[in-house]
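The next block is final_25.txt, given as compact mmCIF, C-alpha atoms (C1' of nucleotides).
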```
# COMPACT_ATOMS: atom_id res chain seq x y z
CA MET A 1 0.00 0.00 0.00
CA ALA A 2 1.50 3.31 -1.07
CA LYS A 3 2.27 5.41 1.91
CA LYS A 4 0.12 8.47 2.07
CA SER A 5 1.69 11.34 0.21
CA LYS A 6 1.96 13.77 3.09
CA SER A 7 2.93 16.59 0.75
CA GLU A 8 -0.30 18.31 1.65
CA GLN A 9 -1.38 18.15 5.23
CA SER A 10 -4.38 20.44 5.28
CA SER A 11 -5.97 18.05 7.72
CA THR A 12 -5.56 20.84 10.22
CA THR A 13 -6.01 18.58 13.17
CA MET A 14 -4.58 20.20 16.25
CA THR A 15 -3.79 18.65 19.56
CA ASP A 16 -4.78 20.20 22.86
CA VAL A 17 -1.50 21.99 23.40
CA GLU A 18 -1.51 23.20 19.84
CA TRP A 19 -4.94 24.69 20.24
CA VAL A 20 -3.89 26.56 23.32
CA ILE A 21 -0.88 27.98 21.57
CA MET A 22 -2.73 28.72 18.39
CA ASN A 23 -5.28 30.74 20.27
CA VAL A 24 -2.51 32.97 21.53
CA VAL A 25 -0.88 33.27 18.15
CA TRP A 26 -4.13 34.36 16.58
CA GLU A 27 -4.27 37.19 19.04
CA GLN A 28 -0.68 38.28 18.95
CA GLU A 29 0.74 37.32 15.62
CA PRO A 30 3.35 37.75 14.50
CA CYS A 31 4.88 36.75 17.78
CA ALA A 32 7.91 35.07 19.30
CA ALA A 33 7.87 31.87 21.27
CA GLY A 34 8.78 33.78 24.39
CA THR A 35 5.76 35.99 24.00
CA VAL A 36 3.49 33.00 23.80
CA GLN A 37 5.18 31.36 26.73
CA GLU A 38 4.65 34.43 28.85
CA ALA A 39 1.05 34.75 27.79
CA LEU A 40 0.40 31.21 28.94
CA ASP A 41 2.61 31.16 31.97
CA GLU A 42 -0.06 31.85 34.51
CA SER A 43 -2.69 29.60 33.04
CA HIS A 44 -0.44 26.71 32.10
CA GLY A 45 3.05 27.24 33.44
CA TRP A 46 4.80 25.60 30.54
CA ALA A 47 8.54 25.92 30.13
CA TYR A 48 9.85 28.01 27.30
CA SER A 49 11.18 24.95 25.57
CA THR A 50 7.81 23.26 25.75
CA VAL A 51 6.17 26.12 23.94
CA LYS A 52 9.03 26.46 21.50
CA THR A 53 9.15 22.77 20.65
CA THR A 54 5.44 22.68 20.05
CA MET A 55 5.57 25.74 17.85
CA ASP A 56 8.40 24.24 15.84
CA ARG A 57 6.32 21.16 15.30
CA MET A 58 3.40 23.30 14.27
CA VAL A 59 5.55 24.86 11.59
CA THR A 60 6.42 21.41 10.32
CA LYS A 61 2.77 20.51 10.27
CA GLY A 62 1.89 23.60 8.36
CA LEU A 63 -0.07 25.17 11.17
CA LEU A 64 2.31 28.07 11.68
CA THR A 65 4.83 29.94 9.57
CA ARG A 66 8.15 31.19 10.80
CA LYS A 67 10.04 34.30 9.79
CA ALA A 68 13.50 34.81 11.19
CA ILE A 69 14.59 38.38 11.85
CA ARG A 70 18.04 38.72 13.28
CA ASN A 71 18.06 36.46 16.25
CA LEU A 72 14.33 36.27 16.47
CA ASN A 73 11.76 33.80 15.20
CA LEU A 74 8.46 35.40 14.48
CA PHE A 75 5.61 32.98 14.13
CA SER A 76 2.32 33.56 12.41
CA SER A 77 -0.68 31.38 11.91
CA ALA A 78 -1.00 29.52 8.64
CA ILE A 79 -4.68 28.79 9.07
CA SER A 80 -7.54 30.98 10.12
CA PRO A 81 -9.54 30.48 13.28
CA ASP A 82 -12.54 29.73 11.14
CA LYS A 83 -10.80 27.06 9.18
CA ALA A 84 -9.52 25.43 12.31
CA ARG A 85 -12.91 25.58 13.92
CA ARG A 86 -14.65 24.17 10.93
CA SER A 87 -12.16 21.40 10.77
CA GLU A 88 -12.60 20.54 14.41
CA LEU A 89 -16.35 20.63 14.09
CA LYS A 90 -16.23 18.32 11.11
CA ARG A 91 -14.15 15.90 13.05
CA LEU A 92 -16.59 15.93 15.90
CA LEU A 93 -19.48 15.50 13.54
CA ARG A 94 -17.84 12.53 11.94
CA ARG A 95 -16.79 10.84 15.12
CA ALA A 96 -19.71 11.43 17.37
CA PHE A 97 -22.69 12.09 15.15
CA ASN A 98 -21.97 9.97 12.16
CA GLY A 99 -21.43 13.09 10.13
CA ALA A 100 -24.94 14.40 10.44
CA LEU A 101 -25.36 18.01 11.39
CA THR A 102 -28.97 18.04 12.47
CA PRO A 103 -28.59 15.39 15.16
CA MET A 104 -25.78 17.42 16.58
CA LEU A 105 -27.86 20.56 16.62
CA GLN A 106 -30.63 18.59 18.21
CA PHE A 107 -28.28 17.32 20.81
CA LEU A 108 -27.06 20.82 21.54
CA VAL A 109 -30.52 22.21 21.84
CA GLU A 110 -31.98 19.36 23.83
CA GLU A 111 -29.23 17.95 25.94
CA GLU A 112 -26.98 20.86 26.52
CA GLU A 113 -28.57 23.27 28.86
CA LEU A 114 -29.69 26.01 26.57
CA GLY A 115 -30.91 28.81 28.76
CA PRO A 116 -33.66 31.18 27.70
CA GLU A 117 -31.14 33.78 26.64
CA GLU A 118 -29.27 31.36 24.50
CA ILE A 119 -32.48 30.31 22.88
CA GLN A 120 -33.23 33.90 22.07
CA GLN A 121 -29.83 34.42 20.58
CA LEU A 122 -30.15 31.30 18.57
CA ARG A 123 -33.50 32.45 17.27
CA ALA A 124 -31.95 35.69 16.15
CA LEU A 125 -29.14 33.88 14.45
CA ILE A 126 -31.55 31.72 12.58
CA ARG A 127 -33.57 34.69 11.49
CA GLN A 128 -30.47 36.24 10.03
CA ALA A 129 -29.31 33.10 8.33
CA ASP A 130 -32.75 32.59 6.92
CA ARG A 131 -32.96 36.10 5.61
CA LYS A 132 -29.59 35.80 3.99
CA SER A 133 -30.16 32.45 2.38
CA GLY A 134 -33.85 32.66 1.68
CA MET B 1 3.45 17.13 42.39
CA ALA B 2 1.18 14.26 43.33
CA LYS B 3 0.44 12.11 40.36
CA LYS B 4 -3.19 12.34 39.39
CA SER B 5 -5.23 9.78 41.16
CA LYS B 6 -6.52 7.92 38.12
CA SER B 7 -8.96 5.93 40.22
CA GLU B 8 -11.81 7.62 38.39
CA GLN B 9 -11.31 8.28 34.73
CA SER B 10 -14.61 9.80 33.74
CA SER B 11 -12.71 12.09 31.40
CA THR B 12 -14.26 9.97 28.70
CA THR B 13 -11.92 11.23 26.05
CA MET B 14 -11.86 8.81 23.17
CA THR B 15 -9.41 8.61 20.34
CA ASP B 16 -10.46 8.23 16.74
CA VAL B 17 -10.15 4.46 16.67
CA GLU B 18 -11.97 4.23 19.95
CA TRP B 19 -14.88 6.24 18.62
CA VAL B 20 -15.19 4.00 15.63
CA ILE B 21 -15.24 0.93 17.80
CA MET B 22 -17.52 2.43 20.37
CA ASN B 23 -20.08 3.25 17.74
CA VAL B 24 -20.24 -0.41 16.82
CA VAL B 25 -20.41 -1.54 20.41
CA TRP B 26 -23.32 0.75 21.11
CA GLU B 27 -25.20 -0.93 18.31
CA GLN B 28 -24.32 -4.52 19.03
CA GLU B 29 -23.56 -4.79 22.68
CA PRO B 30 -22.83 -7.07 24.26
CA CYS B 31 -20.49 -8.19 21.56
CA ALA B 32 -17.22 -9.97 20.97
CA ALA B 33 -14.12 -8.43 19.47
CA GLY B 34 -14.53 -10.58 16.39
CA THR B 35 -17.99 -9.21 15.82
CA VAL B 36 -16.71 -5.67 15.93
CA GLN B 37 -13.82 -6.53 13.68
CA GLU B 38 -16.15 -8.00 11.11
CA ALA B 39 -18.49 -5.05 11.30
CA LEU B 40 -15.62 -2.73 10.52
CA ASP B 41 -13.76 -4.89 8.07
CA GLU B 42 -15.12 -3.31 4.95
CA SER B 43 -14.91 0.26 6.10
CA HIS B 44 -11.57 0.05 7.88
CA GLY B 45 -9.94 -3.29 7.25
CA TRP B 46 -8.36 -3.53 10.66
CA ALA B 47 -6.82 -6.77 11.84
CA TYR B 48 -8.53 -8.67 14.58
CA SER B 49 -5.70 -7.95 16.94
CA THR B 50 -5.96 -4.25 16.25
CA VAL B 51 -9.57 -4.22 17.27
CA LYS B 52 -8.97 -6.50 20.20
CA THR B 53 -6.03 -4.53 21.54
CA THR B 54 -7.96 -1.32 21.32
CA MET B 55 -10.94 -2.81 23.08
CA ASP B 56 -8.72 -4.14 25.85
CA ARG B 57 -7.33 -0.68 26.29
CA MET B 58 -10.82 0.72 26.38
CA VAL B 59 -11.65 -1.61 29.24
CA THR B 60 -8.62 -0.34 31.12
CA LYS B 61 -9.73 3.20 30.49
CA GLY B 62 -13.21 2.47 31.74
CA LEU B 63 -14.85 2.95 28.39
CA LEU B 64 -15.95 -0.66 28.03
CA THR B 65 -16.71 -3.50 30.38
CA ARG B 66 -15.79 -7.10 29.73
CA LYS B 67 -17.65 -10.22 30.71
CA ALA B 68 -16.02 -13.55 30.05
CA ILE B 69 -18.26 -16.46 29.20
CA ARG B 70 -16.43 -19.67 28.59
CA ASN B 71 -13.87 -18.80 26.00
CA LEU B 72 -15.59 -15.65 24.95
CA ASN B 73 -15.15 -12.02 25.92
CA LEU B 74 -18.31 -10.06 25.69
CA PHE B 75 -17.81 -6.33 25.72
CA SER B 76 -20.34 -3.70 26.61
CA SER B 77 -20.16 0.05 26.74
CA ALA B 78 -19.50 1.67 30.07
CA ILE B 79 -20.66 5.08 28.97
CA SER B 80 -23.70 6.17 27.06
CA PRO B 81 -23.59 7.76 23.63
CA ASP B 82 -24.96 10.90 25.15
CA LYS B 83 -22.31 11.13 27.76
CA ALA B 84 -19.60 10.57 25.21
CA ARG B 85 -21.08 13.15 22.89
CA ARG B 86 -21.45 15.68 25.62
CA SER B 87 -17.90 15.13 26.64
CA GLU B 88 -16.62 15.53 23.12
CA LEU B 89 -18.68 18.64 22.63
CA LYS B 90 -17.33 20.15 25.80
CA ARG B 91 -13.84 19.49 24.66
CA LEU B 92 -14.48 21.16 21.36
CA LEU B 93 -16.10 24.10 23.07
CA ARG B 94 -13.16 24.53 25.34
CA ARG B 95 -10.52 24.20 22.69
CA ALA B 96 -12.01 26.02 19.79
CA PHE B 97 -14.55 28.42 21.21
CA ASN B 98 -13.07 29.32 24.49
CA GLY B 99 -15.83 27.43 26.22
CA ALA B 100 -18.65 29.60 25.02
CA LEU B 101 -21.68 27.87 23.58
CA THR B 102 -23.29 30.74 21.76
CA PRO B 103 -20.33 31.52 19.53
CA MET B 104 -20.28 27.93 18.52
CA LEU B 105 -23.94 27.94 17.67
CA GLN B 106 -23.38 31.12 15.76
CA PHE B 107 -20.56 29.54 13.88
CA LEU B 108 -22.69 26.55 13.03
CA VAL B 109 -25.56 28.61 11.83
CA GLU B 110 -23.50 31.14 9.92
CA GLU B 111 -20.48 29.35 8.64
CA GLU B 112 -21.64 25.87 8.21
CA GLU B 113 -23.96 25.64 5.30
CA LEU B 114 -27.30 25.34 6.97
CA GLY B 115 -29.78 24.53 4.26
CA PRO B 116 -33.40 25.68 4.42
CA GLU B 117 -34.50 22.29 5.67
CA GLU B 118 -31.99 22.29 8.43
CA ILE B 119 -33.11 25.72 9.44
CA GLN B 120 -36.67 24.50 9.63
CA GLN B 121 -35.66 21.56 11.75
CA LEU B 122 -33.66 23.77 14.00
CA ARG B 123 -36.62 26.07 14.42
CA ALA B 124 -38.76 23.15 15.45
CA LEU B 125 -36.15 22.00 17.91
CA ILE B 126 -36.00 25.40 19.45
CA ARG B 127 -39.74 25.60 19.75
CA GLN B 128 -39.75 22.36 21.64
CA ALA B 129 -36.92 23.31 23.91
CA ASP B 130 -38.56 26.61 24.60
CA ARG B 131 -41.86 25.01 25.43
CA LYS B 132 -40.20 22.60 27.76
CA SER B 133 -38.04 25.09 29.60
CA GLY B 134 -40.18 28.12 29.58
C1' DT C 1 34.60 44.07 26.63
C1' DT C 2 32.32 41.72 29.75
C1' DG C 3 28.35 39.94 31.67
C1' DA C 4 23.53 39.14 31.99
C1' DC C 5 19.83 37.71 29.63
C1' DG C 6 16.88 36.20 26.00
C1' DT C 7 16.47 32.92 22.17
C1' DC C 8 17.89 29.28 19.29
C1' DA C 9 18.52 24.78 17.63
C1' DC C 10 18.96 20.16 19.40
C1' DT C 11 18.17 16.35 22.09
C1' DA C 12 15.54 13.55 25.34
C1' DC C 13 12.04 10.73 27.04
C1' DA C 14 7.79 8.84 28.89
C1' DA C 15 2.97 8.09 27.72
C1' DA C 16 -0.53 7.59 24.38
C1' DT C 17 -2.03 5.99 19.83
C1' DG C 18 -2.43 3.28 15.73
C1' DT C 19 -1.66 -1.12 14.02
C1' DA C 20 -0.46 -5.86 14.05
C1' DG C 21 1.98 -10.63 14.83
C1' DT C 22 1.99 -15.00 17.39
C1' DG C 23 1.83 -18.97 20.15
C1' DT C 24 -1.70 -21.25 22.76
C1' DA C 25 -5.99 -22.72 24.43
C1' DA C 26 -10.99 -23.64 23.66
C1' DT C 27 -14.52 -25.23 20.35
C1' DA C 28 -16.69 -27.25 16.71
C1' DA C 29 -16.92 -30.48 12.93
C1' DT C 30 -15.77 -35.00 11.32
C1' DA D 1 -10.07 -38.69 19.00
C1' DT D 2 -8.18 -35.57 15.33
C1' DT D 3 -8.30 -31.61 12.96
C1' DA D 4 -9.73 -27.02 11.56
C1' DT D 5 -11.32 -22.86 13.31
C1' DT D 6 -11.68 -19.22 16.69
C1' DA D 7 -10.66 -16.29 20.16
C1' DC D 8 -7.46 -15.20 23.76
C1' DA D 9 -3.67 -13.12 26.08
C1' DC D 10 0.79 -11.14 25.20
C1' DT D 11 4.15 -8.76 22.93
C1' DA D 12 5.92 -5.48 19.62
C1' DC D 13 6.91 -1.26 17.40
C1' DA D 14 6.71 3.08 14.87
C1' DT D 15 4.47 7.71 15.55
C1' DT D 16 2.57 11.34 17.89
C1' DT D 17 1.98 14.08 21.95
C1' DG D 18 3.23 16.34 26.21
C1' DT D 19 6.90 18.35 28.50
C1' DA D 20 11.50 19.82 29.27
C1' DG D 21 16.88 20.31 29.58
C1' DT D 22 21.11 22.27 27.54
C1' DG D 23 24.96 24.33 25.45
C1' DA D 24 25.80 27.91 22.08
C1' DC D 25 25.01 32.41 20.38
C1' DG D 26 23.30 37.09 19.68
C1' DT D 27 22.30 41.55 22.06
C1' DC D 28 22.27 45.19 25.19
C1' DA D 29 23.69 47.72 29.15
C1' DA D 30 27.46 49.04 32.08
```

Whole structure, structure tokens version:
Amino acid sequence: MAKKSKSEQSSTTMTDVEWVIMNVVWEQEPCAAGTVQEALDESHGWAYSTVKTTMDRMVTKGLLTRKAIRNLNLFSSAISPDKARRSELKRLLRRAFNGALTPMLQFLVEEEELGPEEIQQLRALIRQADRKSG
Amino acid sequence: MAKKSKSEQSSTTMTDVEWVIMNVVWEQEPCAAGTVQEALDESHGWAYSTVKTTMDRMVTKGLLTRKAIRNLNLFSSAISPDKARRSELKRLLRRAFNGALTPMLQFLVEEEELGPEEIQQLRALIRQADRKSG
DNA sequence: TTGACGTCACTACAAATGTAGTGTAATAAT
DNA sequence: ATTATTACACTACATTTGTAGTGACGTCAA
């Protein structure tokens, strides 16, 4: 069996640590590893090398880009928050809801505690979507 | 730092392979590893030992239970589909939407192509939820 | 020009994951 | 009983993930 080509990753699957880091990058890009480490120090307390190693791997995976300036590595995101979110959602859909969107929405509405406010907001969202597409 | 107690897992985080297997178990439980392997043969082509090993690990993790009858291992799920889904959803929420439900709903409604039918269904779901909770 | 300090590139390593082989023991068919 | 078939328990192993240490090197202030 031919090994999968790997030239294109585009799968955009991020691990937990990668998500945490990516969220910071999206806010601060372009940014150095140290910046990210500091931003996450309180909440996670990771060593500089932990953050740096992960970011290096993310470059390899095509999740981040790196631009070296003098002695500094500036990282930027290679995928948008929306793309990452969509990708993650798709994965969840596939794994947990057999790929069907409506059952997931149903689950969210029924099982997850949707408070009255959230229901209102959702109604508004639907109105908008409906207006746009209908 | 005290190593995490591990006595209770309850984190219910499943890997990709585990989800695939779990979906079969939910449909056929109690069932033997061979049954699961056969059910997934066409779609995934995994070896018996692959399925078996994974299911053994799932028992260790508390995702499945095992009951031996004669020479047979009958596996059953230890968590419900709903619990697993909720857990997966929560994880997605946390990672990709900073834990906030509404933005995720917004994303689903706006970014994901919600067709007219789906919008109708969603409306109905909301009506029901609203009636029940309000 | 000499430190102090930040940053880099490398290396390391245990645990989790994906995937499977194998010898052996139980069962079923003859 | 003998054989063919199953299923079992174990072991194995490459990757990926989580997390970090280290020595070298660039930079900036004294």

Cα-based least-squares overlay of chain B on chain A, as an mmCIF file with C-alpha atoms, keeping the file's coordinate frame:
```cif
data_model
loop_
_atom_site.group_PDB
_atom_site.id
_atom_site.type_symbol
_atom_site.label_atom_id
_atom_site.label_comp_id
_atom_site.auth_asym_id
_atom_site.auth_seq_id
_atom_site.Cartn_x
_atom_site.Cartn_y
_atom_site.Cartn_z
ATOM 1 C CA MET B 1 0.390 0.435 0.108
ATOM 2 C CA ALA B 2 1.831 3.752 -0.986
ATOM 3 C CA LYS B 3 2.609 5.913 1.966
ATOM 4 C CA LYS B 4 0.363 8.932 2.066
ATOM 5 C CA SER B 5 1.840 11.783 0.185
ATOM 6 C CA LYS B 6 2.082 14.253 3.049
ATOM 7 C CA SER B 7 2.952 17.086 0.695
ATOM 8 C CA GLU B 8 -0.300 18.779 1.637
ATOM 9 C CA GLN B 9 -1.383 18.479 5.218
ATOM 10 C CA SER B 10 -4.541 20.530 5.265
ATOM 11 C CA SER B 11 -5.987 18.015 7.697
ATOM 12 C CA THR B 12 -5.588 20.798 10.203
ATOM 13 C CA THR B 13 -6.018 18.515 13.150
ATOM 14 C CA MET B 14 -4.589 20.145 16.225
ATOM 15 C CA THR B 15 -3.785 18.582 19.536
ATOM 16 C CA ASP B 16 -4.776 20.125 22.828
ATOM 17 C CA VAL B 17 -1.490 21.914 23.392
ATOM 18 C CA GLU B 18 -1.519 23.127 19.835
ATOM 19 C CA TRP B 19 -4.960 24.633 20.244
ATOM 20 C CA VAL B 20 -3.893 26.487 23.322
ATOM 21 C CA ILE B 21 -0.892 27.907 21.557
ATOM 22 C CA MET B 22 -2.750 28.660 18.389
ATOM 23 C CA ASN B 23 -5.300 30.685 20.269
ATOM 24 C CA VAL B 24 -2.528 32.915 21.537
ATOM 25 C CA VAL B 25 -0.900 33.203 18.151
ATOM 26 C CA TRP B 26 -4.139 34.295 16.563
ATOM 27 C CA GLU B 27 -4.296 37.128 19.043
ATOM 28 C CA GLN B 28 -0.701 38.243 18.948
ATOM 29 C CA GLU B 29 0.696 37.285 15.616
ATOM 30 C CA PRO B 30 3.307 37.706 14.507
ATOM 31 C CA CYS B 31 4.851 36.715 17.772
ATOM 32 C CA ALA B 32 7.871 35.034 19.276
ATOM 33 C CA ALA B 33 7.841 31.818 21.248
ATOM 34 C CA GLY B 34 8.763 33.719 24.381
ATOM 35 C CA THR B 35 5.739 35.929 24.003
ATOM 36 C CA VAL B 36 3.462 32.938 23.783
ATOM 37 C CA GLN B 37 5.165 31.290 26.706
ATOM 38 C CA GLU B 38 4.653 34.354 28.838
ATOM 39 C CA ALA B 39 1.044 34.681 27.797
ATOM 40 C CA LEU B 40 0.402 31.142 28.932
ATOM 41 C CA ASP B 41 2.622 31.080 31.965
ATOM 42 C CA GLU B 42 -0.058 31.760 34.502
ATOM 43 C CA SER B 43 -2.680 29.507 33.032
ATOM 44 C CA HIS B 44 -0.424 26.614 32.081
ATOM 45 C CA GLY B 45 3.054 27.145 33.433
ATOM 46 C CA TRP B 46 4.791 25.520 30.513
ATOM 47 C CA ALA B 47 8.529 25.838 30.082
ATOM 48 C CA TYR B 48 9.832 27.932 27.261
ATOM 49 C CA SER B 49 11.178 24.885 25.529
ATOM 50 C CA THR B 50 7.813 23.191 25.721
ATOM 51 C CA VAL B 51 6.171 26.045 23.921
ATOM 52 C CA LYS B 52 9.007 26.399 21.477
ATOM 53 C CA THR B 53 9.148 22.717 20.616
ATOM 54 C CA THR B 54 5.443 22.615 20.034
ATOM 55 C CA MET B 55 5.548 25.671 17.831
ATOM 56 C CA ASP B 56 8.381 24.186 15.797
ATOM 57 C CA ARG B 57 6.298 21.103 15.291
ATOM 58 C CA MET B 58 3.375 23.237 14.265
ATOM 59 C CA VAL B 59 5.510 24.816 11.573
ATOM 60 C CA THR B 60 6.396 21.368 10.288
ATOM 61 C CA LYS B 61 2.745 20.459 10.250
ATOM 62 C CA GLY B 62 1.853 23.585 8.343
ATOM 63 C CA LEU B 63 -0.102 25.123 11.164
ATOM 64 C CA LEU B 64 2.272 28.034 11.674
ATOM 65 C CA THR B 65 4.758 29.897 9.550
ATOM 66 C CA ARG B 66 8.088 31.162 10.792
ATOM 67 C CA LYS B 67 9.954 34.267 9.780
ATOM 68 C CA ALA B 68 13.418 34.797 11.160
ATOM 69 C CA ILE B 69 14.523 38.342 11.810
ATOM 70 C CA ARG B 70 17.999 38.634 13.173
ATOM 71 C CA ASN B 71 18.018 36.370 16.155
ATOM 72 C CA LEU B 72 14.291 36.234 16.430
ATOM 73 C CA ASN B 73 11.697 33.781 15.180
ATOM 74 C CA LEU B 74 8.406 35.379 14.473
ATOM 75 C CA PHE B 75 5.557 32.943 14.135
ATOM 76 C CA SER B 76 2.269 33.511 12.409
ATOM 77 C CA SER B 77 -0.738 31.318 11.900
ATOM 78 C CA ALA B 78 -1.038 29.463 8.641
ATOM 79 C CA ILE B 79 -4.707 28.727 9.061
ATOM 80 C CA SER B 80 -7.573 30.913 10.106
ATOM 81 C CA PRO B 81 -9.580 30.405 13.271
ATOM 82 C CA ASP B 82 -12.568 29.651 11.138
ATOM 83 C CA LYS B 83 -10.851 26.986 9.179
ATOM 84 C CA ALA B 84 -9.554 25.365 12.318
ATOM 85 C CA ARG B 85 -12.957 25.501 13.941
ATOM 86 C CA ARG B 86 -14.667 24.089 10.929
ATOM 87 C CA SER B 87 -12.184 21.303 10.799
ATOM 88 C CA GLU B 88 -12.624 20.477 14.448
ATOM 89 C CA LEU B 89 -16.370 20.573 14.110
ATOM 90 C CA LYS B 90 -16.261 18.225 11.173
ATOM 91 C CA ARG B 91 -14.181 15.827 13.132
ATOM 92 C CA LEU B 92 -16.608 15.883 15.995
ATOM 93 C CA LEU B 93 -19.516 15.420 13.645
ATOM 94 C CA ARG B 94 -17.891 12.450 12.057
ATOM 95 C CA ARG B 95 -16.843 10.776 15.251
ATOM 96 C CA ALA B 96 -19.742 11.406 17.519
ATOM 97 C CA PHE B 97 -22.729 12.038 15.304
ATOM 98 C CA ASN B 98 -22.022 9.897 12.359
ATOM 99 C CA GLY B 99 -21.478 12.989 10.280
ATOM 100 C CA ALA B 100 -24.979 14.316 10.565
ATOM 101 C CA LEU B 101 -25.387 17.957 11.475
ATOM 102 C CA THR B 102 -28.990 17.980 12.552
ATOM 103 C CA PRO B 103 -28.614 15.385 15.286
ATOM 104 C CA MET B 104 -25.813 17.414 16.680
ATOM 105 C CA LEU B 105 -27.865 20.562 16.683
ATOM 106 C CA GLN B 106 -30.642 18.625 18.298
ATOM 107 C CA PHE B 107 -28.295 17.377 20.927
ATOM 108 C CA LEU B 108 -27.068 20.873 21.611
ATOM 109 C CA VAL B 109 -30.503 22.302 21.897
ATOM 110 C CA GLU B 110 -31.975 19.468 23.922
ATOM 111 C CA GLU B 111 -29.222 18.090 26.039
ATOM 112 C CA GLU B 112 -27.003 20.991 26.589
ATOM 113 C CA GLU B 113 -28.616 23.420 28.912
ATOM 114 C CA LEU B 114 -29.705 26.143 26.582
ATOM 115 C CA GLY B 115 -30.874 28.993 28.741
ATOM 116 C CA PRO B 116 -33.639 31.361 27.646
ATOM 117 C CA GLU B 117 -31.103 33.946 26.572
ATOM 118 C CA GLU B 118 -29.233 31.502 24.463
ATOM 119 C CA ILE B 119 -32.446 30.449 22.847
ATOM 120 C CA GLN B 120 -33.198 34.044 22.003
ATOM 121 C CA GLN B 121 -29.777 34.519 20.510
ATOM 122 C CA LEU B 122 -30.119 31.371 18.530
ATOM 123 C CA ARG B 123 -33.452 32.535 17.200
ATOM 124 C CA ALA B 124 -31.884 35.759 16.054
ATOM 125 C CA LEU B 125 -29.069 33.892 14.387
ATOM 126 C CA ILE B 126 -31.497 31.731 12.546
ATOM 127 C CA ARG B 127 -33.501 34.694 11.395
ATOM 128 C CA GLN B 128 -30.398 36.209 9.929
ATOM 129 C CA ALA B 129 -29.263 33.049 8.258
ATOM 130 C CA ASP B 130 -32.701 32.540 6.850
ATOM 131 C CA ARG B 131 -32.866 36.041 5.489
ATOM 132 C CA LYS B 132 -29.512 35.662 3.877
ATOM 133 C CA SER B 133 -30.094 32.283 2.298
ATOM 134 C CA GLY B 134 -33.713 32.427 1.496
#
```

Inset, instruction - Name the residues within 12 Å of (-10.2, 25.0, 8.6), counting only C-alpha atoms (C1' of nucleotides) in the file's coordinates, and put them as a PyMOL selection string. - result: (chain A and resi 9-14+63+77-91) or (chain B and resi 96+111-112)

Legend entry - Nearest to D:DG21 by atom-to-atom distance, counting only C-alpha atoms (C1' of nucleotides), from C:DG21, C:DT7, C:DC13, C:DT1: C:DC13

Inset, instruction - Report as a ChimeraX atom specification the set of chain D residues whose atoms approach chain B to within 12 Å, with distances computed over all atoms listed in the file. - result: /D:6-11

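Near chain A, within 12 Å and counting only C-alpha atoms (C1' of nucleotides), the residues of chain C are DG6, DT7, DC8, DA9, DC10 and DT11 of chain C.
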
Legend entry - Spatial neighbours of D:DG18, 12 Å, only C-alpha atoms (C1' of nucleotides), chain gap at least 5 places, as JSON, numbers by chain: {"A": [15, 16, 17, 18, 46, 47, 49, 50, 51, 53, 54], "C": [13, 14, 15, 16]}

Only C-alpha atoms (C1' of nucleotides), please: the residues just picked out, written as a PDB file, in the frame of the given file.
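part.pdb, written as the output of this step:
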```
ATOM      1  CA  THR A  15      -3.790  18.650  19.560  1.00  0.00           C
ATOM      2  CA  ASP A  16      -4.780  20.200  22.860  1.00  0.00           C
ATOM      3  CA  VAL A  17      -1.500  21.990  23.400  1.00  0.00           C
ATOM      4  CA  GLU A  18      -1.510  23.200  19.840  1.00  0.00           C
ATOM      5  CA  TRP A  46       4.800  25.600  30.540  1.00  0.00           C
ATOM      6  CA  ALA A  47       8.540  25.920  30.130  1.00  0.00           C
ATOM      7  CA  SER A  49      11.180  24.950  25.570  1.00  0.00           C
ATOM      8  CA  THR A  50       7.810  23.260  25.750  1.00  0.00           C
ATOM      9  CA  VAL A  51       6.170  26.120  23.940  1.00  0.00           C
ATOM     10  CA  THR A  53       9.150  22.770  20.650  1.00  0.00           C
ATOM     11  CA  THR A  54       5.440  22.680  20.050  1.00  0.00           C
TER      12      THR A  54
ATOM     13  C1'  DC C  13      12.040  10.730  27.040  1.00  0.00           C
ATOM     14  C1'  DA C  14       7.790   8.840  28.890  1.00  0.00           C
ATOM     15  C1'  DA C  15       2.970   8.090  27.720  1.00  0.00           C
ATOM     16  C1'  DA C  16      -0.530   7.590  24.380  1.00  0.00           C
TER      17       DA C  16
END
```

Inset, instruction - Please identify every residue of chain A that has at least one atom no more than 8 Å from any atom of chain B, counting only C-alpha atoms, and report them as a PyMOL selection string. - result: chain A and resi 16+19-20+84-86+88-89+92+95-97+102+105-106+109-110+112+116+118-119+121-123+125-126+129-130+133-134

Legend entry - Contact residues around D:DA12 with only C-alpha atoms (C1' of nucleotides) at 12 Å, ignoring same-chain residues under 3 positions, as a list in words: DT19, DA20, DG21 and DT22 of chain C

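Atom to atom, atom CA of B:Ile21 and atom CA of B:Ala39 stand 9.4 Å apart.
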
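Between atom CA of B:Lys61 and atom C1' of C:DA12 the interatomic distance comes to 27.8 Å.
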
Inset, instruction - Figure out the distance between atom CA of B:Gln37 and atom C1' of C:DA25, please, to one decimal in Å. - result: 21.0 Å

Legend entry - Contacts of D:DA4 within 12 Å, all atoms listed in the file, excl. fewer than 6 positions in-chain, as a list in words: DT27, DA28, DA29 and DT30 of chain C
